[in-house]
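Enquirer: Got a structure here, written out as structure tokens. Questions coming.
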Amino acid sequence: MKVLVVGNGGREHALAWALAKDSEVFIAPGNPGTARVGTNYLVNATDGRQVADLAVALSVDLVVVGPEAPLVAGVADAVRAEGIPVFGPSAAAAQLEGSKQFAKEIMEAAGVPTAASRYCTTQSEMEAALDEFGAPYVVKNDGLAAGKGVVVTESREKALAHALDCGQVVIEEYLDGPEVSLFALSDGTNVLPFEPAQDFKRVGDGDTGPNTGGMGAYTPLPWAPAGLTDEVVKTVIQPTIDAMKDRGTPFVGLLYAGLALTSKGVRVVEFNARFGDPETQPLLSRLATPLSRVLLAAATGKLGQEPPLEWASGFTCAVVLAAEGYPGTPRKGDEITGGFGEGIFHAGTAEVDGKLVTSGGRVLAAVGSGDTLDEARLAAYDVAGQIRFAGGFNRHDIALKAAEGKIALPAIYETDKWKS
């Protein structure tokens, strides 16, 4: 099979790497990491016409649109118009990620549990919402913000400043409890869930500092309550897919549910309309089912014929190496040594004059595996330790609490519902 992957980040490197196990892979535009597993083509990933023309020229069997910006820009629509199967939602369906307010409207229509919220466009509305919900304040940019549009703070002043800077925001109640990421493939009707993962949004150890696109992740979750995946599919994923279909905008692609396991039950923190980064890297490193087969099944409406996904034993962990200044203004152009090898996925890298250099905030992800979570995280840090670039940094506590058995669940998850 011939597959075109659209994008140039760590998620796309992982997708290309997994697809290359049984397919010929092309990446547009790709990065130095994807060039090692397929062929890069320098096209604008958000230009639907360029991507569609390339897909036609290459006679591909499937196009996989990775990032949110091309999806919201309608790249999947342009490719589908050429009669080529696409894994990735239409521009209309991608509004589940493109607009926080749209996602809230869908959740309300579908009866999906989420945080109470207010959509605000004026300072008076913002101030009223902040006062209604109180601290910790949660302020979300209504549009795309590359994983950095959310502020969670005890400071009303900082919360209001972020809201005013964004202009259009969703302000909502703070959700307690540990967070979980659950991916599910969809063909517009049927869903096929991945195993849960957990990522780390704050830039610093101990969950300190500003939110980022993600500083690391691991899977599976040894502390997750029994039946979590089935419960989320029943109460969150399937109702959302059904609601999108009922609107006439079926969702074909990857629905990412960011969840909080609160004292009142599972609540949706956010939806993404694509594979999440950095959860994709450890998840695909454990996936035993051929990725090309299930993505094509989703793209062609045949997901209902697929059995549950199969997984390798053990655990995987990813540690993100970031550039100095991230998540604000990251430094670029620093030479990277040790940047190629097993378990290394490229995101913000480029090749200049034959040298690998930094070109973005999150530069690389180092993935390790092991029979236990502790072994997996130590393996990931061993891989990370082989990589060097000036000013580079990473968190040192990815998956540490889980490995030490220190993640506490609210009492509700000890009830018969969750034990059955």
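The way I read the labels, and the way they are meant: chains A, B, ... in the order of the structure tokens, residue 1 as the first residue of every chain, and ligand 1 as the first ligand shown, with later ones counted on from there.
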Report as a list in words all protein, DNA and RNA residues lying within 6 Å of range 37-51 of chain A, evaluated on only C-alpha atoms, omitting residues in the same chain fewer than 4 positions from it.
Expert: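 Residues meeting the cut-off are Gly7, Trp17, Val25, Phe26, Ile27, Ala28, Pro29, Gly30, Pro70, Val75 and Ala78 of chain A.
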Enquirer: With only C-alpha atoms as the counted atoms, please give the residues lying no more than 10 Å from Glu179 in chain A, apart from itself and same-chain residues fewer than 2 positions off, as a VMD selection string.
Expert: chain A and resid 175 to 177 181 197 to 200 258 to 262 266 to 269
Enquirer: List the neighbours of Phe251 in chain A out to 6 Å using only C-alpha atoms; skip same-chain residues closer than 5 positions along the sequence, and give me the result as a tab-separated table (two decimals) with C-alpha atoms, in the first residue's frame.
Expert:
```tsv
chain	number	residue	atom	x	y	z
A	89	PRO	CA	-12.01	14.68	9.43
A	93	ALA	CA	-15.95	17.95	11.59
A	188	GLY	CA	-18.11	8.18	10.97
```
Enquirer: If you run DSSP on the backbone here, which positions in range 212-347 of chain A get helix (DSSP H, G or I)? Please write them as an NGL selection string.
Expert: :A and (228-246 or 280-286 or 291-299 or 303-305)
Enquirer: Counting only C-alpha atoms, which residue out of A:Leu303, A:Met126, A:Leu160, A:Ala217 sits closest to Gly253 in chain A?
Expert: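 Comparing A:Leu303, A:Met126, A:Leu160, A:Ala217 against Gly253 in chain A, the winner is A:Leu303.
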Enquirer: With a distance cut-off of 12 Å and only C-alpha atoms, select the neighbouring residues of Ala128 in chain A, excluding the residue or stretch itself and same-chain residues fewer than 6 positions from it, and output the selection as a list in words.
Expert: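 Result of the neighbour search: Ser117, Arg118, Tyr119, Cys120, Thr121, Thr122, Gly134, Arg156, Leu160, Ile171 and Glu172 of chain A.
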Enquirer: Which residues, written as a ChimeraX atom specification, have at least one atom at most 12 Å from Met244 in chain A, with only C-alpha atoms counted and residues fewer than 4 positions away on the same chain left out?
Expert: /A:89-90,92-96,102-103,105-107,109-110,186-189,237-240,248-252,255
Enquirer: To one decimal place, how far is CA of Val79 in chain A from CA of Val60 in chain A in Å?
Expert: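 Pair CA of Val79 in chain A / CA of Val60 in chain A returns 10.8 Å.
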Enquirer: Need the shell around Gly149 in chain A: protein/DNA/RNA residues with any atom at most 10 Å away, counting only C-alpha atoms. Skip same-chain ones fewer than 2 positions apart. Format as an NGL selection string?
Expert: :A and (139-147 or 151 or 162-163 or 166 or 169 or 211-213)
Enquirer: Go ahead and write the residues just picked, N, CA and C atoms, as an mmCIF file, in the first residue's frame.
Expert:
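As a result, result_16.cif now contains:
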```
data_model
loop_
_atom_site.group_PDB
_atom_site.id
_atom_site.type_symbol
_atom_site.label_atom_id
_atom_site.label_comp_id
_atom_site.auth_asym_id
_atom_site.auth_seq_id
_atom_site.Cartn_x
_atom_site.Cartn_y
_atom_site.Cartn_z
ATOM 1 N N VAL A 139 -8.830 29.072 31.504
ATOM 2 C CA VAL A 139 -9.169 29.921 30.367
ATOM 3 C C VAL A 139 -8.608 29.288 29.102
ATOM 4 N N LYS A 140 -9.497 29.058 28.106
ATOM 5 C CA LYS A 140 -9.094 28.380 26.887
ATOM 6 C C LYS A 140 -9.375 29.254 25.666
ATOM 7 N N ASN A 141 -8.341 29.437 24.855
ATOM 8 C CA ASN A 141 -8.522 30.116 23.574
ATOM 9 C C ASN A 141 -9.545 29.332 22.754
ATOM 10 N N ASP A 142 -10.510 30.018 22.164
ATOM 11 C CA ASP A 142 -11.548 29.314 21.408
ATOM 12 C C ASP A 142 -10.999 28.656 20.150
ATOM 13 N N GLY A 143 -9.923 29.181 19.585
ATOM 14 C CA GLY A 143 -9.375 28.642 18.344
ATOM 15 C C GLY A 143 -8.152 27.793 18.578
ATOM 16 N N LEU A 144 -7.481 27.430 17.470
ATOM 17 C CA LEU A 144 -6.270 26.630 17.551
ATOM 18 C C LEU A 144 -5.132 27.447 18.156
ATOM 19 N N ALA A 145 -4.346 26.794 19.011
ATOM 20 C CA ALA A 145 -3.231 27.505 19.646
ATOM 21 C C ALA A 145 -2.029 26.598 19.840
ATOM 22 N N ALA A 146 -1.931 25.529 19.035
ATOM 23 C CA ALA A 146 -0.777 24.625 19.056
ATOM 24 C C ALA A 146 -0.492 24.084 20.446
ATOM 25 N N GLY A 147 -1.544 23.772 21.182
ATOM 26 C CA GLY A 147 -1.371 23.187 22.506
ATOM 27 C C GLY A 147 -1.002 24.163 23.593
ATOM 28 N N VAL A 151 -4.704 28.357 29.834
ATOM 29 C CA VAL A 151 -4.041 28.817 31.051
ATOM 30 C C VAL A 151 -4.840 28.325 32.243
ATOM 31 N N HIS A 162 -4.864 36.636 29.903
ATOM 32 C CA HIS A 162 -4.868 35.630 28.834
ATOM 33 C C HIS A 162 -6.169 35.702 28.046
ATOM 34 N N ALA A 163 -7.286 35.853 28.750
ATOM 35 C CA ALA A 163 -8.577 35.938 28.075
ATOM 36 C C ALA A 163 -8.634 37.141 27.143
ATOM 37 N N CYS A 166 -6.551 36.594 24.028
ATOM 38 C CA CYS A 166 -7.166 35.683 23.059
ATOM 39 C C CYS A 166 -8.353 36.331 22.343
ATOM 40 N N VAL A 169 -12.863 33.329 24.178
ATOM 41 C CA VAL A 169 -12.395 32.266 25.062
ATOM 42 C C VAL A 169 -13.570 31.484 25.644
ATOM 43 N N ASN A 211 1.519 25.771 30.485
ATOM 44 C CA ASN A 211 1.114 24.634 29.657
ATOM 45 C C ASN A 211 1.925 24.599 28.367
ATOM 46 N N THR A 212 2.133 23.383 27.863
ATOM 47 C CA THR A 212 2.847 23.177 26.601
ATOM 48 C C THR A 212 2.022 22.244 25.732
ATOM 49 N N GLY A 213 2.581 21.866 24.600
ATOM 50 C CA GLY A 213 1.955 20.852 23.764
ATOM 51 C C GLY A 213 2.122 19.461 24.314
#
```
Enquirer: Contacts of Ala184 in chain A at 10 Å or less, counting only C-alpha atoms, minus same-chain residues fewer than 5 places along, as an MDAnalysis selection string?
Expert: chainID A and resid 190:196 229 233 237:238 253:257 274:275
Enquirer: How would the residues just picked look written out with N, CA and C atoms as a PDB file, in the first residue's frame?
Expert:
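Below is the file out-v2.pdb, written as the result:
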```
ATOM      1  N   ASN A 190     -18.719   3.810  13.357  1.00  0.00           N
ATOM      2  CA  ASN A 190     -18.106   2.887  14.317  1.00  0.00           C
ATOM      3  C   ASN A 190     -16.864   3.491  14.938  1.00  0.00           C
ATOM      4  N   VAL A 191     -16.488   2.986  16.126  1.00  0.00           N
ATOM      5  CA  VAL A 191     -15.278   3.458  16.793  1.00  0.00           C
ATOM      6  C   VAL A 191     -14.428   2.274  17.223  1.00  0.00           C
ATOM      7  N   LEU A 192     -13.126   2.505  17.302  1.00  0.00           N
ATOM      8  CA  LEU A 192     -12.165   1.497  17.733  1.00  0.00           C
ATOM      9  C   LEU A 192     -11.157   2.183  18.642  1.00  0.00           C
ATOM     10  N   PRO A 193     -11.242   1.928  19.967  1.00  0.00           N
ATOM     11  CA  PRO A 193     -10.398   2.677  20.905  1.00  0.00           C
ATOM     12  C   PRO A 193      -8.984   2.130  21.034  1.00  0.00           C
ATOM     13  N   PHE A 194      -8.064   3.022  21.345  1.00  0.00           N
ATOM     14  CA  PHE A 194      -6.710   2.675  21.754  1.00  0.00           C
ATOM     15  C   PHE A 194      -6.720   2.402  23.257  1.00  0.00           C
ATOM     16  N   GLU A 195      -5.574   2.000  23.789  1.00  0.00           N
ATOM     17  CA  GLU A 195      -5.427   1.926  25.237  1.00  0.00           C
ATOM     18  C   GLU A 195      -5.217   3.345  25.775  1.00  0.00           C
ATOM     19  N   PRO A 196      -5.613   3.609  27.008  1.00  0.00           N
ATOM     20  CA  PRO A 196      -5.412   4.946  27.577  1.00  0.00           C
ATOM     21  C   PRO A 196      -3.926   5.279  27.738  1.00  0.00           C
ATOM     22  N   THR A 229     -11.894   2.286  29.592  1.00  0.00           N
ATOM     23  CA  THR A 229     -12.040   2.465  28.148  1.00  0.00           C
ATOM     24  C   THR A 229     -13.478   2.226  27.707  1.00  0.00           C
ATOM     25  N   VAL A 233     -15.888   5.054  25.952  1.00  0.00           N
ATOM     26  CA  VAL A 233     -16.501   4.819  24.639  1.00  0.00           C
ATOM     27  C   VAL A 233     -18.013   4.988  24.728  1.00  0.00           C
ATOM     28  N   ILE A 237     -17.143   8.885  23.612  1.00  0.00           N
ATOM     29  CA  ILE A 237     -16.728   8.740  22.216  1.00  0.00           C
ATOM     30  C   ILE A 237     -17.906   8.454  21.299  1.00  0.00           C
ATOM     31  N   GLN A 238     -18.641   7.378  21.567  1.00  0.00           N
ATOM     32  CA  GLN A 238     -19.737   7.002  20.671  1.00  0.00           C
ATOM     33  C   GLN A 238     -20.829   8.064  20.598  1.00  0.00           C
ATOM     34  N   GLY A 253     -11.777   9.774  11.285  1.00  0.00           N
ATOM     35  CA  GLY A 253     -10.400  10.044  11.688  1.00  0.00           C
ATOM     36  C   GLY A 253     -10.166   9.611  13.117  1.00  0.00           C
ATOM     37  N   LEU A 254      -9.365  10.380  13.819  1.00  0.00           N
ATOM     38  CA  LEU A 254      -8.983  10.065  15.201  1.00  0.00           C
ATOM     39  C   LEU A 254      -9.600  11.096  16.131  1.00  0.00           C
ATOM     40  N   LEU A 255     -10.486  10.641  17.004  1.00  0.00           N
ATOM     41  CA  LEU A 255     -11.028  11.521  18.034  1.00  0.00           C
ATOM     42  C   LEU A 255     -10.224  11.309  19.306  1.00  0.00           C
ATOM     43  N   TYR A 256      -9.621  12.374  19.792  1.00  0.00           N
ATOM     44  CA  TYR A 256      -8.808  12.372  21.007  1.00  0.00           C
ATOM     45  C   TYR A 256      -9.643  12.997  22.108  1.00  0.00           C
ATOM     46  N   ALA A 257      -9.878  12.221  23.160  1.00  0.00           N
ATOM     47  CA  ALA A 257     -10.596  12.741  24.316  1.00  0.00           C
ATOM     48  C   ALA A 257      -9.620  12.937  25.471  1.00  0.00           C
ATOM     49  N   ARG A 274      -7.346  14.717  16.016  1.00  0.00           N
ATOM     50  CA  ARG A 274      -6.195  14.030  15.400  1.00  0.00           C
ATOM     51  C   ARG A 274      -5.398  13.324  16.491  1.00  0.00           C
ATOM     52  N   PHE A 275      -4.405  12.538  16.083  1.00  0.00           N
ATOM     53  CA  PHE A 275      -3.515  11.896  17.037  1.00  0.00           C
ATOM     54  C   PHE A 275      -2.838  12.956  17.900  1.00  0.00           C
TER      55      PHE A 275
END
```
Enquirer: Please compute the CA of Asp131 in chain A-CA of Ala411 in chain A distance, one decimal, in Å.
Expert: 28.7 Å
Enquirer: Point out the residue among A:Glu68, A:Glu108, A:Glu97, A:Glu324 with the least atom-to-atom distance to Val236 in chain A, counting only C-alpha atoms.
Expert: A:Glu108
Enquirer: Name the residues of range 135-169 of chain A that come out as strand (DSSP E or B) in a backbone DSSP run; write them as a PyMOL selection string.
Expert: chain A and resi 137-141+150-153+169
